[in-house]
Structures are given as structure tokens and as C-alpha cells.
Amino acid sequence: LDDARRVLLIGRKALGGEEKLRSVKTLEVKGEFKRSAGPSNLEGELRIRLETPDRLRRDEDLTLPGGGPAISRTEVLNGTAVWDDSSGAIGLAGGRGGFGGRFGGGRDGVPDPQGGGRARLDPTQIEELQRRGRQADFARLKLAWLLTADAQAVWIGTAESPDGTADVLEITAPNVPAMRLFLDASSQMPLMIT
């Protein structure tokens, strides 16, 4: 075995073993989060549901500072289909299927490559960007939580910090940015993914 496959196999054993991890069809994680938004901090609850082979659902419920209106946001990948749903704060999102005016041209559009102001993305471009982003998220989560990757893994080396050492693997797949996975060198449990 090459070093990367060996490290992944040992890591999968540390997470419960090949048979148990292979039997996982659905994984749901729930927790609280804090996010910086300019000068403010947003807090809320995050739920992520991962279903193999290709389904991802992300639900965020957050509260604006000062007791403002609550915001609920859902992002879904179902095979190749994607959709969004948002409710709450006015102007943050446009409801099912998109981001409202965020990609709609004018001052909220994206720069026009010919330099003539802002370009307008059509709905198929928005959907493709969402699909690629969600597929990348799915791949990252599957790698981080199940140590499963449908891509090539290469052992990069050992990272050292005051807290210990980690084996570092680089995972590359088509249409997904390269990922680096850090596994604790002594326990082989996942530490971080970048």
C-alpha cells in the first residue's frame, strides 16, 4: 500500500472500521455556530444531513444581533438537482431556487468581463455554480467525517504544532478544489481539513 492509502485505512479503523463506515448511509450533525458579519456576530444553529451517494442538506437558523428577525436558510443537493429556501430578514435571499437579486445584474451583479458595468448571470449559470459548490461541500464532508474520497490521495508529510503531529494527505478530484486532510499521528483521528 502507498502511504496515503495506509493512513486512510488506519484512520478509518480508528473511526470504527471499514464495515461500520461502509454501512453509513445517512449522517446528521447538529450544533451551534457563530459567524462574523462585518462588525456584527451572528449566532445560530446548524444542521447538516449527508446521505450517500449524493445528497446533502444544510439548514441554518440564525438570530441577528439586537434581537432582530430570525433567518432560516436551507441549501440542498439531491443528485444533480439543487435548490435553496430562505425566510426571515428582507433582502438576504430570494427564496426557493436562488439568491434573489444578488446575482441579478445592476449594482448587485458581477463585473462584466468587457468592462461595461455589471453582467447578469442567468439562472442556469447560478444553478451550475450552486451545484459545483454543493458537490465540493459533499466531498469535503464525506472525507472529513467518513474518511471516504472518490479521488486520488497523496501523502504530503507530517505537520508539527505545539499540540502534536499530524499526517497530511492531499486529495484531488475533478471539479473540486484540492483538499488537505490532517490526521492525528498518534490516534489517526481526523483533526482538520483545508
# chains A, B, ... in the order shown; residues from 1 in each chain; ligands from 1
>>> closest_atom_pairs(of="region 127-168 of chain A", to="region 6-30 of chain A", cutoff="12 Å", atoms="only C-alpha atoms", output="CSV")
residue,atom,partner,partner_atom,distance
A:Phe138,CA,A:Leu27,CA,11.6
A:Leu141,CA,A:Leu27,CA,10.0
A:Lys142,CA,A:Leu27,CA,9.4
A:Leu143,CA,A:Leu8,CA,9.9
A:Ala144,CA,A:Gly11,CA,10.7
A:Trp145,CA,A:Leu27,CA,8.8
A:Leu146,CA,A:Leu21,CA,6.5
A:Leu147,CA,A:Arg12,CA,6.2
A:Thr148,CA,A:Leu8,CA,8.3
A:Ala149,CA,A:Leu8,CA,9.7
A:Gln152,CA,A:Leu8,CA,11.6
A:Ala153,CA,A:Leu8,CA,8.9
A:Val154,CA,A:Val7,CA,10.0
A:Trp155,CA,A:Val7,CA,8.2
A:Ile156,CA,A:Val7,CA,11.2
A:Gly157,CA,A:Val7,CA,11.1
A:Thr158,CA,A:Val7,CA,11.5
A:Ala166,CA,A:Val7,CA,10.6
A:Asp167,CA,A:Val7,CA,7.6
A:Val168,CA,A:Val7,CA,9.1
>>> write_last_selection(atoms="C-alpha atoms", output="PDB file, in the first residue's frame")
ATOM      1  CA  PHE A 138     -20.392  16.994  -0.064  1.00  0.00           C
ATOM      2  CA  LEU A 141     -17.801  16.442   4.487  1.00  0.00           C
ATOM      3  CA  LYS A 142     -17.614  12.831   3.312  1.00  0.00           C
ATOM      4  CA  LEU A 143     -13.830  12.994   3.556  1.00  0.00           C
ATOM      5  CA  ALA A 144     -13.777  14.712   6.962  1.00  0.00           C
ATOM      6  CA  TRP A 145     -16.452  12.578   8.628  1.00  0.00           C
ATOM      7  CA  LEU A 146     -16.094   9.186   6.935  1.00  0.00           C
ATOM      8  CA  LEU A 147     -12.541   9.383   5.523  1.00  0.00           C
ATOM      9  CA  THR A 148     -14.017   8.463   2.158  1.00  0.00           C
ATOM     10  CA  ALA A 149     -12.857  10.129  -1.028  1.00  0.00           C
ATOM     11  CA  GLN A 152      -6.679  10.403  -5.575  1.00  0.00           C
ATOM     12  CA  ALA A 153      -4.984  10.776  -2.179  1.00  0.00           C
ATOM     13  CA  VAL A 154      -1.278  11.554  -1.790  1.00  0.00           C
ATOM     14  CA  TRP A 155       0.654  11.595   1.472  1.00  0.00           C
ATOM     15  CA  ILE A 156       2.287  15.043   1.747  1.00  0.00           C
ATOM     16  CA  GLY A 157       4.178  14.643   5.003  1.00  0.00           C
ATOM     17  CA  THR A 158       3.923  15.344   8.692  1.00  0.00           C
ATOM     18  CA  ALA A 166      -0.408  15.078  12.081  1.00  0.00           C
ATOM     19  CA  ASP A 167      -0.180  13.078   8.882  1.00  0.00           C
ATOM     20  CA  VAL A 168      -1.159  15.308   5.950  1.00  0.00           C
TER      21      VAL A 168
END
>>> residues_around(residues="Ala70 (chain A)", least_positions_apart="2", cutoff="6 Å", atoms="only C-alpha atoms", output="list in words")
Leu62, Thr63 and Gly88 of chain A
>>> closest_residue(among="A:Thr80, A:Phe182, A:Leu191, A:Asp3", to="Asp54 (chain A)", atoms="only C-alpha atoms")
A:Thr80
>>> residues_around(residues="region 31-36 of chain A", least_positions_apart="4", cutoff="7 Å", atoms="only C-alpha atoms", output="list in words")
Ser40, Asn41, Leu42, Glu43, Gly44, Glu45, Leu46 and Arg47 of chain A
>>> select_by_dssp(residues="region 14-182 of chain A", states="strand (DSSP E)", output="number ranges by chain")
A: 26-37, 40-51, 55-63, 70-78, 81-87, 110-111, 118-119, 152-161, 164-173, 176-182
